[in-house]
Amino acid sequence: MIKRLLVTVITVIIILIIGVVLFFNLYNPPLSENHGKIDAQLFVGDSVNQPLIVAFGGSQGGNTWTEDYWLEMRNKFVEKGYAVLSIGYFNTKNTPEKLDRISINAIYDTIKKVSRRPEINENRIALLGSSRGGELVLNIASRYKDINAVVALVPSNVSFPAQTLTANTSAWTYNDKEIPYMKIPFKAFWASLQGDSQRISEIIIEEQEKTLNGVIKVEKINGPILLLSAKNDELWPSGYMSNQIENRLRENNLKYYYENYLFDGKHHDTKKYFDKVFNFLDEHFRSN
C-alpha cells in the first residue's frame with residue numbers, strides 16, 4: 001500500500017514537472033492591445049536647429065525621462081541647446097503593460113515624426129538608454145542608419161526575453177518579427193526566486209560564453225558610441241557585457257569613435273557620471 005502510494009506521488013510530481021516545462025516552453029502570451037503604441041513627450045529650448053536626444057528608461061517602464069528623477073539632467077540638456085524626446089514604450093497608459101515584443105519600428109517612426117519639427121535638426125539624432133533601455137537603443141541604432149550617436153548606460157550586449165511569466169518571447173520586434181534573444185536557463189529562474197542577483201549574473205555570463213543567440217550587431221551602428229557600466233552592478237553584469245560590446249566593435253573595425261567607461265558604483269549610479277555623457281555628445285555628436 002505504501003509502495004503504491006509512493007509510486008503515485010512520484011508519478012504526479014513527474015507529470016507536474018513535465019506540465020510546467022511544457023507551459024514555459026510552449027505558451028505564448030497574446031500581444032497587448034496596445035502593441036505598436038508609444039508615448040512620447042518633447043522638451044525644447046528657444047534655439048533653432050536643436051540636436052535631438054531620444055531618452056529611454058529601463059525595466060521599470062513608464063515614461064522615465066518625464067519624471068522628477070531626471071528633471072535636472074533633462075533641463076541641463078535643454079540649457080545646452082539639445083532637445084529631449086522622452087519615450088515611454090511600456091507600462092504607461094497608452095502602451096503595452098509589459099516589456100514584451102515592443103515594436104522598434106513604432107519607436108523609430110515616432111522619432112522621425114518628431115525630428116521633422118521645425119525647431120529640431122533632423123540630421124542630428126542621438127539615442128540614450130539605461131539598462132533594458134540601453135539594450136533597446138543598441139538594437140534601434142544597429143538597424144537605422146540615420147541615428148547619429150548612441151549612449152548606452154549599464155547596457156547589455158544581447159537581447160533578452162520579454163518580462164513575462166514564461167519569458168519565452170522576445171522583448172523586441174522589428175518588421176513584425178521577434179528579434180532573436182538569449183534564452184535564460186531554468187536555473188536562472190530559481191536564482192531569481194531566491195533573490196540571488198550574483199548567481200543570475202554568473203548564469204548570464206555562462207550562457208553567453210556558450211551561445212551567440214541574441215547578440216546585438218553593434219558594428220552596424222552608424223555613429224559614435226559611449227558605454228557606461230558599473231563595477232559593482234547588482235542587477236546584471238553590465239561591465240562584462242559592455243566589454244563584449246567593445247570587443248565586437250574592435251573586431252569589426254568600427255570607423256567611429258567609441259568609449260567603454262567602467263565606473264566605480266552600482267546599477268543606478270549612472271547620474272553621477274553624466275559629465276561623461278555631456279562631454280561625449282558635445283565633442284562627438286553635436287556638430288560632427
# chains A, B, ... in the order shown; residues from 1 in each chain; ligands from 1
>>> select_by_dssp(residues="range 9-112 of chain A", states="helix (DSSP H, G or I)", output="ChimeraX atom specification")
/A:9-26,64-66,68-79,104-112
>>> write_last_selection(atoms="C-alpha atoms", output="tab-separated table (two decimals), in the first residue's frame")
chain	number	residue	atom	x	y	z
A	9	VAL	CA	3.07	10.58	-5.64
A	10	ILE	CA	6.23	10.34	-7.75
A	11	THR	CA	4.16	9.96	-10.92
A	12	VAL	CA	2.08	13.03	-10.07
A	13	ILE	CA	5.25	15.05	-9.36
A	14	ILE	CA	6.77	13.99	-12.69
A	15	ILE	CA	3.58	14.92	-14.55
A	16	LEU	CA	3.52	18.31	-12.82
A	17	ILE	CA	7.15	18.96	-13.71
A	18	ILE	CA	6.53	18.00	-17.35
A	19	GLY	CA	3.45	20.24	-17.39
A	20	VAL	CA	5.39	23.20	-16.01
A	21	VAL	CA	8.23	22.69	-18.52
A	22	LEU	CA	5.77	22.45	-21.42
A	23	PHE	CA	3.93	25.55	-20.22
A	24	PHE	CA	7.10	27.64	-20.04
A	25	ASN	CA	8.25	26.43	-23.44
A	26	LEU	CA	5.04	26.36	-25.45
A	64	THR	CA	11.04	57.75	-17.33
A	65	TRP	CA	12.60	60.97	-18.59
A	66	THR	CA	9.42	62.95	-17.91
A	68	ASP	CA	11.27	64.33	-11.46
A	69	TYR	CA	14.20	61.91	-11.05
A	70	TRP	CA	15.61	63.05	-14.41
A	71	LEU	CA	14.41	66.67	-14.21
A	72	GLU	CA	17.86	68.13	-13.50
A	73	MET	CA	19.53	66.22	-16.33
A	74	ARG	CA	16.68	66.94	-18.73
A	75	ASN	CA	16.91	70.67	-18.01
A	76	LYS	CA	20.67	70.59	-18.43
A	77	PHE	CA	20.30	69.08	-21.90
A	78	VAL	CA	17.86	71.83	-22.87
A	79	GLU	CA	20.12	74.54	-21.40
A	104	ILE	CA	11.14	49.00	-32.73
A	105	ASN	CA	9.53	50.23	-35.94
A	106	ALA	CA	6.89	52.15	-33.96
A	107	ILE	CA	9.57	53.77	-31.81
A	108	TYR	CA	11.61	54.79	-34.85
A	109	ASP	CA	8.55	56.17	-36.64
A	110	THR	CA	7.81	58.33	-33.59
A	111	ILE	CA	11.39	59.60	-33.51
A	112	LYS	CA	11.33	60.52	-37.19
>>> residues_around(residues="range 172-182 of chain A", least_positions_apart="4", cutoff="7 Å", atoms="only C-alpha atoms", output="VMD selection string")
chain A and resid 100 to 105 158 to 161 213 to 214
>>> write_last_selection(atoms="N, CA and C atoms", output="mmCIF file, in the first residue's frame")
data_model
loop_
_atom_site.group_PDB
_atom_site.id
_atom_site.type_symbol
_atom_site.label_atom_id
_atom_site.label_comp_id
_atom_site.auth_asym_id
_atom_site.auth_seq_id
_atom_site.Cartn_x
_atom_site.Cartn_y
_atom_site.Cartn_z
ATOM 1 N N ASP A 100 7.270 43.350 -23.633
ATOM 2 C CA ASP A 100 7.043 42.129 -24.407
ATOM 3 C C ASP A 100 6.797 42.487 -25.870
ATOM 4 N N ARG A 101 7.704 42.084 -26.737
ATOM 5 C CA ARG A 101 7.579 42.265 -28.182
ATOM 6 C C ARG A 101 7.255 43.727 -28.552
ATOM 7 N N ILE A 102 8.044 44.629 -27.975
ATOM 8 C CA ILE A 102 7.866 46.050 -28.255
ATOM 9 C C ILE A 102 8.335 46.339 -29.681
ATOM 10 N N SER A 103 7.541 47.092 -30.427
ATOM 11 C CA SER A 103 7.830 47.369 -31.824
ATOM 12 C C SER A 103 8.904 48.449 -31.968
ATOM 13 N N ILE A 104 10.082 48.046 -32.443
ATOM 14 C CA ILE A 104 11.143 49.003 -32.727
ATOM 15 C C ILE A 104 10.734 49.925 -33.872
ATOM 16 N N ASN A 105 9.992 49.393 -34.832
ATOM 17 C CA ASN A 105 9.525 50.229 -35.941
ATOM 18 C C ASN A 105 8.664 51.380 -35.441
ATOM 19 N N VAL A 158 23.435 41.653 -25.584
ATOM 20 C CA VAL A 158 22.492 40.744 -26.231
ATOM 21 C C VAL A 158 21.071 41.215 -25.940
ATOM 22 N N SER A 159 20.140 40.755 -26.761
ATOM 23 C CA SER A 159 18.729 40.970 -26.476
ATOM 24 C C SER A 159 18.246 39.892 -25.524
ATOM 25 N N PHE A 160 17.503 40.291 -24.507
ATOM 26 C CA PHE A 160 16.973 39.363 -23.520
ATOM 27 C C PHE A 160 15.485 39.108 -23.777
ATOM 28 N N PRO A 161 14.919 38.111 -23.110
ATOM 29 C CA PRO A 161 13.497 37.820 -23.323
ATOM 30 C C PRO A 161 12.586 38.905 -22.771
ATOM 31 N N ASN A 213 23.381 33.399 -29.316
ATOM 32 C CA ASN A 213 21.980 33.778 -29.512
ATOM 33 C C ASN A 213 21.711 35.192 -29.000
ATOM 34 N N GLY A 214 21.101 35.999 -29.840
ATOM 35 C CA GLY A 214 20.645 37.314 -29.406
ATOM 36 C C GLY A 214 21.691 38.400 -29.389
#
>>> closest_residue(among="A:Lys266, A:Lys276, A:Lys183, A:Lys217", to="Leu249 in chain A", atoms="only C-alpha atoms")
A:Lys217
>>> atom_distance(atom1="CA of Glu209 in chain A", atom2="CA of His268 in chain A")
25.9 Å
>>> atom_distance(atom1="CA of Asn139 in chain A", atom2="CA of Phe274 in chain A")
22.2 Å
>>> atom_distance(atom1="CA of Leu42 in chain A", atom2="CA of Lys93 in chain A")
17.4 Å
>>> select_by_dssp(residues="range 38-139 of chain A", states="strand (DSSP E or B)", output="PyMOL selection string")
chain A and resi 39-43+50-56+83-88+102-103+120-130
>>> write_last_selection(atoms="N, CA and C atoms", output="short mmCIF file (atom, residue, chain, number, x, y, z; two decimals), in the first residue's frame")
data_model
loop_
_atom_site.label_atom_id
_atom_site.label_comp_id
_atom_site.auth_asym_id
_atom_site.auth_seq_id
_atom_site.Cartn_x
_atom_site.Cartn_y
_atom_site.Cartn_z
N ASP A 39 4.35 56.24 -26.12
CA ASP A 39 4.14 57.55 -25.50
C ASP A 39 5.40 58.39 -25.69
N ALA A 40 5.25 59.63 -26.05
CA ALA A 40 6.40 60.50 -26.28
C ALA A 40 6.11 61.91 -25.80
N GLN A 41 7.11 62.53 -25.19
CA GLN A 41 6.97 63.92 -24.77
C GLN A 41 8.26 64.66 -25.10
N LEU A 42 8.12 65.80 -25.75
CA LEU A 42 9.27 66.56 -26.24
C LEU A 42 9.53 67.77 -25.34
N PHE A 43 10.81 67.99 -25.04
CA PHE A 43 11.24 69.15 -24.26
C PHE A 43 12.23 69.93 -25.12
N GLN A 50 17.92 72.42 -33.12
CA GLN A 50 18.41 71.72 -31.93
C GLN A 50 18.66 70.24 -32.21
N PRO A 51 19.87 69.74 -31.87
CA PRO A 51 20.11 68.29 -31.95
C PRO A 51 19.14 67.57 -31.01
N LEU A 52 18.71 66.39 -31.40
CA LEU A 52 17.68 65.67 -30.65
C LEU A 52 18.28 64.52 -29.86
N ILE A 53 18.03 64.51 -28.54
CA ILE A 53 18.40 63.41 -27.67
C ILE A 53 17.13 62.62 -27.38
N VAL A 54 17.09 61.35 -27.78
CA VAL A 54 15.92 60.50 -27.54
C VAL A 54 16.25 59.61 -26.34
N ALA A 55 15.49 59.76 -25.25
CA ALA A 55 15.85 59.15 -23.97
C ALA A 55 14.85 58.07 -23.57
N PHE A 56 15.41 56.94 -23.10
CA PHE A 56 14.61 55.77 -22.72
C PHE A 56 14.98 55.31 -21.32
N ALA A 83 17.39 69.31 -27.71
CA ALA A 83 16.01 68.93 -27.44
C ALA A 83 16.01 67.51 -26.88
N VAL A 84 15.07 67.23 -25.99
CA VAL A 84 14.97 65.90 -25.39
C VAL A 84 13.60 65.31 -25.70
N LEU A 85 13.60 64.13 -26.32
CA LEU A 85 12.37 63.39 -26.58
C LEU A 85 12.34 62.20 -25.64
N SER A 86 11.44 62.24 -24.66
CA SER A 86 11.30 61.15 -23.70
C SER A 86 10.31 60.13 -24.24
N ILE A 87 10.75 58.88 -24.34
CA ILE A 87 9.93 57.81 -24.91
C ILE A 87 9.50 56.83 -23.83
N GLY A 88 8.20 56.60 -23.73
CA GLY A 88 7.67 55.52 -22.90
C GLY A 88 7.21 54.40 -23.81
N ILE A 102 8.04 44.63 -27.97
CA ILE A 102 7.87 46.05 -28.25
C ILE A 102 8.33 46.34 -29.68
N SER A 103 7.54 47.09 -30.43
CA SER A 103 7.83 47.37 -31.82
C SER A 103 8.90 48.45 -31.97
N ILE A 120 13.82 71.30 -34.65
CA ILE A 120 14.73 70.17 -34.49
C ILE A 120 15.62 70.02 -35.72
N ASN A 121 16.87 69.68 -35.49
CA ASN A 121 17.78 69.32 -36.58
C ASN A 121 17.61 67.82 -36.84
N GLU A 122 16.88 67.47 -37.89
CA GLU A 122 16.56 66.06 -38.14
C GLU A 122 17.77 65.25 -38.57
N ASN A 123 18.90 65.91 -38.80
CA ASN A 123 20.12 65.20 -39.17
C ASN A 123 21.03 64.94 -37.98
N ARG A 124 20.59 65.34 -36.79
CA ARG A 124 21.39 65.09 -35.58
C ARG A 124 20.49 64.42 -34.55
N ILE A 125 20.50 63.09 -34.54
CA ILE A 125 19.67 62.31 -33.61
C ILE A 125 20.56 61.36 -32.82
N ALA A 126 20.52 61.47 -31.50
CA ALA A 126 21.26 60.57 -30.61
C ALA A 126 20.27 59.83 -29.71
N LEU A 127 20.57 58.58 -29.43
CA LEU A 127 19.75 57.77 -28.53
C LEU A 127 20.47 57.59 -27.20
N LEU A 128 19.71 57.68 -26.11
CA LEU A 128 20.26 57.49 -24.77
C LEU A 128 19.33 56.55 -24.01
N GLY A 129 19.86 55.43 -23.53
CA GLY A 129 19.03 54.48 -22.80
C GLY A 129 19.80 53.81 -21.69
N SER A 130 19.08 53.43 -20.64
CA SER A 130 19.69 52.81 -19.47
C SER A 130 19.13 51.41 -19.24
#
>>> residues_around(residues="range 154-157 of chain A", least_positions_apart="6", cutoff="8 Å", atoms="only C-alpha atoms", output="list in words")
Ser130, Ser131, Arg132, Gly133, Gly134, Glu135, Val215, Ile216, Leu227, Leu228, Ser229, Ala230, Ser238, Gly239, Met241, Ser242, Gln244, Ile245, His267 and Thr270 of chain A
>>> closest_residue(among="A:Phe263, A:Phe280, A:Tyr258, A:Tyr273", to="Gly223 in chain A", atoms="only C-alpha atoms")
A:Tyr258
>>> closest_residue(among="A:Leu31, A:Ile38, A:Leu153, A:Leu262", to="Phe90 in chain A", atoms="only C-alpha atoms")
A:Ile38
>>> closest_residue(among="A:Ser115, A:Asn148, A:Asn91, A:Asn252", to="Leu281 in chain A", atoms="only C-alpha atoms")
A:Asn148
>>> decode(residues="range 51-199 of chain A", atoms="C-alpha atoms", output="PDB file, in the first residue's frame")
ATOM      1  CA  PRO A  51      20.106  68.293 -31.953  1.00  0.00           C
ATOM      2  CA  LEU A  52      17.684  65.670 -30.648  1.00  0.00           C
ATOM      3  CA  ILE A  53      18.399  63.407 -27.669  1.00  0.00           C
ATOM      4  CA  VAL A  54      15.923  60.498 -27.540  1.00  0.00           C
ATOM      5  CA  ALA A  55      15.850  59.149 -23.974  1.00  0.00           C
ATOM      6  CA  PHE A  56      14.610  55.771 -22.724  1.00  0.00           C
ATOM      7  CA  GLY A  57      14.214  54.242 -19.279  1.00  0.00           C
ATOM      8  CA  GLY A  58      14.695  50.609 -18.361  1.00  0.00           C
ATOM      9  CA  SER A  59      12.847  47.647 -16.903  1.00  0.00           C
ATOM     10  CA  GLN A  60      10.658  49.748 -14.606  1.00  0.00           C
ATOM     11  CA  GLY A  61       8.732  51.045 -17.609  1.00  0.00           C
ATOM     12  CA  GLY A  62       6.836  54.312 -17.698  1.00  0.00           C
ATOM     13  CA  ASN A  63       7.956  57.457 -19.479  1.00  0.00           C
ATOM     14  CA  THR A  64      11.045  57.749 -17.326  1.00  0.00           C
ATOM     15  CA  TRP A  65      12.598  60.967 -18.593  1.00  0.00           C
ATOM     16  CA  THR A  66       9.419  62.951 -17.913  1.00  0.00           C
ATOM     17  CA  GLU A  67       9.740  62.164 -14.196  1.00  0.00           C
ATOM     18  CA  ASP A  68      11.274  64.327 -11.461  1.00  0.00           C
ATOM     19  CA  TYR A  69      14.196  61.910 -11.051  1.00  0.00           C
ATOM     20  CA  TRP A  70      15.607  63.049 -14.415  1.00  0.00           C
ATOM     21  CA  LEU A  71      14.411  66.672 -14.212  1.00  0.00           C
ATOM     22  CA  GLU A  72      17.861  68.134 -13.504  1.00  0.00           C
ATOM     23  CA  MET A  73      19.535  66.219 -16.331  1.00  0.00           C
ATOM     24  CA  ARG A  74      16.683  66.942 -18.731  1.00  0.00           C
ATOM     25  CA  ASN A  75      16.912  70.665 -18.006  1.00  0.00           C
ATOM     26  CA  LYS A  76      20.675  70.589 -18.434  1.00  0.00           C
ATOM     27  CA  PHE A  77      20.301  69.075 -21.902  1.00  0.00           C
ATOM     28  CA  VAL A  78      17.861  71.825 -22.869  1.00  0.00           C
ATOM     29  CA  GLU A  79      20.118  74.537 -21.402  1.00  0.00           C
ATOM     30  CA  LYS A  80      22.982  73.202 -23.525  1.00  0.00           C
ATOM     31  CA  GLY A  81      20.875  73.536 -26.677  1.00  0.00           C
ATOM     32  CA  TYR A  82      19.633  69.968 -27.063  1.00  0.00           C
ATOM     33  CA  ALA A  83      16.009  68.930 -27.438  1.00  0.00           C
ATOM     34  CA  VAL A  84      14.969  65.896 -25.389  1.00  0.00           C
ATOM     35  CA  LEU A  85      12.368  63.393 -26.576  1.00  0.00           C
ATOM     36  CA  SER A  86      11.304  61.147 -23.702  1.00  0.00           C
ATOM     37  CA  ILE A  87       9.926  57.813 -24.912  1.00  0.00           C
ATOM     38  CA  GLY A  88       7.667  55.524 -22.902  1.00  0.00           C
ATOM     39  CA  TYR A  89       7.495  52.130 -24.577  1.00  0.00           C
ATOM     40  CA  PHE A  90       5.680  50.054 -21.948  1.00  0.00           C
ATOM     41  CA  ASN A  91       3.866  50.363 -18.631  1.00  0.00           C
ATOM     42  CA  THR A  92       2.215  53.674 -19.447  1.00  0.00           C
ATOM     43  CA  LYS A  93      -1.467  54.429 -20.012  1.00  0.00           C
ATOM     44  CA  ASN A  94      -1.260  54.071 -23.797  1.00  0.00           C
ATOM     45  CA  THR A  95       1.464  51.434 -24.244  1.00  0.00           C
ATOM     46  CA  PRO A  96       1.734  47.682 -23.580  1.00  0.00           C
ATOM     47  CA  GLU A  97       1.634  46.827 -19.891  1.00  0.00           C
ATOM     48  CA  LYS A  98       4.687  44.551 -20.065  1.00  0.00           C
ATOM     49  CA  LEU A  99       8.059  44.647 -21.773  1.00  0.00           C
ATOM     50  CA  ASP A 100       7.043  42.129 -24.407  1.00  0.00           C
ATOM     51  CA  ARG A 101       7.579  42.265 -28.182  1.00  0.00           C
ATOM     52  CA  ILE A 102       7.866  46.050 -28.255  1.00  0.00           C
ATOM     53  CA  SER A 103       7.830  47.369 -31.824  1.00  0.00           C
ATOM     54  CA  ILE A 104      11.143  49.003 -32.727  1.00  0.00           C
ATOM     55  CA  ASN A 105       9.525  50.229 -35.941  1.00  0.00           C
ATOM     56  CA  ALA A 106       6.891  52.149 -33.960  1.00  0.00           C
ATOM     57  CA  ILE A 107       9.566  53.770 -31.808  1.00  0.00           C
ATOM     58  CA  TYR A 108      11.608  54.786 -34.847  1.00  0.00           C
ATOM     59  CA  ASP A 109       8.547  56.174 -36.641  1.00  0.00           C
ATOM     60  CA  THR A 110       7.805  58.327 -33.585  1.00  0.00           C
ATOM     61  CA  ILE A 111      11.391  59.604 -33.510  1.00  0.00           C
ATOM     62  CA  LYS A 112      11.327  60.520 -37.194  1.00  0.00           C
ATOM     63  CA  LYS A 113       7.971  62.281 -36.904  1.00  0.00           C
ATOM     64  CA  VAL A 114       9.225  64.452 -34.039  1.00  0.00           C
ATOM     65  CA  SER A 115      12.583  65.106 -35.757  1.00  0.00           C
ATOM     66  CA  ARG A 116      10.777  66.823 -38.632  1.00  0.00           C
ATOM     67  CA  ARG A 117       9.508  69.592 -36.365  1.00  0.00           C
ATOM     68  CA  PRO A 118      10.949  72.985 -37.405  1.00  0.00           C
ATOM     69  CA  GLU A 119      12.939  73.544 -34.190  1.00  0.00           C
ATOM     70  CA  ILE A 120      14.731  70.171 -34.487  1.00  0.00           C
ATOM     71  CA  ASN A 121      17.785  69.315 -36.577  1.00  0.00           C
ATOM     72  CA  GLU A 122      16.557  66.062 -38.135  1.00  0.00           C
ATOM     73  CA  ASN A 123      20.120  65.201 -39.174  1.00  0.00           C
ATOM     74  CA  ARG A 124      21.387  65.092 -35.580  1.00  0.00           C
ATOM     75  CA  ILE A 125      19.666  62.305 -33.615  1.00  0.00           C
ATOM     76  CA  ALA A 126      21.256  60.570 -30.612  1.00  0.00           C
ATOM     77  CA  LEU A 127      19.750  57.773 -28.530  1.00  0.00           C
ATOM     78  CA  LEU A 128      20.258  57.494 -24.772  1.00  0.00           C
ATOM     79  CA  GLY A 129      19.030  54.483 -22.799  1.00  0.00           C
ATOM     80  CA  SER A 130      19.695  52.807 -19.475  1.00  0.00           C
ATOM     81  CA  SER A 131      19.637  49.081 -18.605  1.00  0.00           C
ATOM     82  CA  ARG A 132      16.944  47.446 -20.793  1.00  0.00           C
ATOM     83  CA  GLY A 133      16.752  50.865 -22.438  1.00  0.00           C
ATOM     84  CA  GLY A 134      20.468  50.527 -23.200  1.00  0.00           C
ATOM     85  CA  GLU A 135      19.738  47.182 -24.827  1.00  0.00           C
ATOM     86  CA  LEU A 136      16.957  48.900 -26.786  1.00  0.00           C
ATOM     87  CA  VAL A 137      18.999  51.837 -28.128  1.00  0.00           C
ATOM     88  CA  LEU A 138      21.717  49.488 -29.382  1.00  0.00           C
ATOM     89  CA  ASN A 139      19.051  47.446 -31.174  1.00  0.00           C
ATOM     90  CA  ILE A 140      17.499  50.533 -32.774  1.00  0.00           C
ATOM     91  CA  ALA A 141      20.771  52.163 -33.862  1.00  0.00           C
ATOM     92  CA  SER A 142      22.075  48.919 -35.353  1.00  0.00           C
ATOM     93  CA  ARG A 143      19.045  48.858 -37.693  1.00  0.00           C
ATOM     94  CA  TYR A 144      18.615  52.508 -38.715  1.00  0.00           C
ATOM     95  CA  LYS A 145      21.477  54.364 -40.396  1.00  0.00           C
ATOM     96  CA  ASP A 146      20.186  57.863 -39.642  1.00  0.00           C
ATOM     97  CA  ILE A 147      20.836  57.506 -35.907  1.00  0.00           C
ATOM     98  CA  ASN A 148      23.983  59.571 -35.375  1.00  0.00           C
ATOM     99  CA  ALA A 149      25.155  58.586 -31.873  1.00  0.00           C
ATOM    100  CA  VAL A 150      24.361  56.213 -29.007  1.00  0.00           C
ATOM    101  CA  VAL A 151      24.786  56.477 -25.239  1.00  0.00           C
ATOM    102  CA  ALA A 152      24.114  53.136 -23.542  1.00  0.00           C
ATOM    103  CA  LEU A 153      24.122  53.146 -19.725  1.00  0.00           C
ATOM    104  CA  VAL A 154      24.682  49.815 -17.912  1.00  0.00           C
ATOM    105  CA  PRO A 155      23.609  48.035 -21.128  1.00  0.00           C
ATOM    106  CA  SER A 156      23.513  44.502 -22.460  1.00  0.00           C
ATOM    107  CA  ASN A 157      25.343  43.155 -25.492  1.00  0.00           C
ATOM    108  CA  VAL A 158      22.492  40.744 -26.231  1.00  0.00           C
ATOM    109  CA  SER A 159      18.729  40.970 -26.476  1.00  0.00           C
ATOM    110  CA  PHE A 160      16.973  39.363 -23.520  1.00  0.00           C
ATOM    111  CA  PRO A 161      13.497  37.820 -23.323  1.00  0.00           C
ATOM    112  CA  ALA A 162      10.283  39.622 -22.542  1.00  0.00           C
ATOM    113  CA  GLN A 163       9.422  40.365 -18.925  1.00  0.00           C
ATOM    114  CA  THR A 164       6.562  37.893 -18.775  1.00  0.00           C
ATOM    115  CA  LEU A 165       5.850  34.853 -16.618  1.00  0.00           C
ATOM    116  CA  THR A 166       7.098  32.432 -19.273  1.00  0.00           C
ATOM    117  CA  ALA A 167       9.874  34.670 -20.676  1.00  0.00           C
ATOM    118  CA  ASN A 168       9.654  32.776 -23.958  1.00  0.00           C
ATOM    119  CA  THR A 169       9.049  35.684 -26.307  1.00  0.00           C
ATOM    120  CA  SER A 170      11.411  38.438 -27.362  1.00  0.00           C
ATOM    121  CA  ALA A 171      11.349  41.831 -25.714  1.00  0.00           C
ATOM    122  CA  TRP A 172      11.510  43.437 -29.167  1.00  0.00           C
ATOM    123  CA  THR A 173      10.095  43.096 -32.676  1.00  0.00           C
ATOM    124  CA  TYR A 174      11.387  44.504 -35.960  1.00  0.00           C
ATOM    125  CA  ASN A 175       9.353  44.406 -39.165  1.00  0.00           C
ATOM    126  CA  ASP A 176       6.735  42.336 -37.294  1.00  0.00           C
ATOM    127  CA  LYS A 177       9.249  39.607 -36.409  1.00  0.00           C
ATOM    128  CA  GLU A 178      10.677  38.862 -32.999  1.00  0.00           C
ATOM    129  CA  ILE A 179      14.292  39.910 -32.597  1.00  0.00           C
ATOM    130  CA  PRO A 180      16.404  36.848 -31.657  1.00  0.00           C
ATOM    131  CA  TYR A 181      17.149  36.748 -27.938  1.00  0.00           C
ATOM    132  CA  MET A 182      19.266  34.865 -25.442  1.00  0.00           C
ATOM    133  CA  LYS A 183      17.146  32.264 -23.689  1.00  0.00           C
ATOM    134  CA  ILE A 184      17.587  32.258 -19.931  1.00  0.00           C
ATOM    135  CA  PRO A 185      18.266  28.793 -18.448  1.00  0.00           C
ATOM    136  CA  PHE A 186      15.740  27.438 -15.966  1.00  0.00           C
ATOM    137  CA  LYS A 187      18.340  27.620 -13.189  1.00  0.00           C
ATOM    138  CA  ALA A 188      18.276  31.413 -13.546  1.00  0.00           C
ATOM    139  CA  PHE A 189      14.579  31.437 -12.631  1.00  0.00           C
ATOM    140  CA  TRP A 190      15.406  29.546  -9.438  1.00  0.00           C
ATOM    141  CA  ALA A 191      18.157  32.059  -8.639  1.00  0.00           C
ATOM    142  CA  SER A 192      15.654  34.853  -9.300  1.00  0.00           C
ATOM    143  CA  LEU A 193      13.152  33.345  -6.859  1.00  0.00           C
ATOM    144  CA  GLN A 194      15.921  33.285  -4.263  1.00  0.00           C
ATOM    145  CA  GLY A 195      16.853  36.906  -4.996  1.00  0.00           C
ATOM    146  CA  ASP A 196      20.419  35.843  -5.801  1.00  0.00           C
ATOM    147  CA  SER A 197      21.489  38.591  -8.228  1.00  0.00           C
ATOM    148  CA  GLN A 198      25.107  37.481  -8.208  1.00  0.00           C
ATOM    149  CA  ARG A 199      24.171  33.960  -9.308  1.00  0.00           C
TER     150      ARG A 199
END
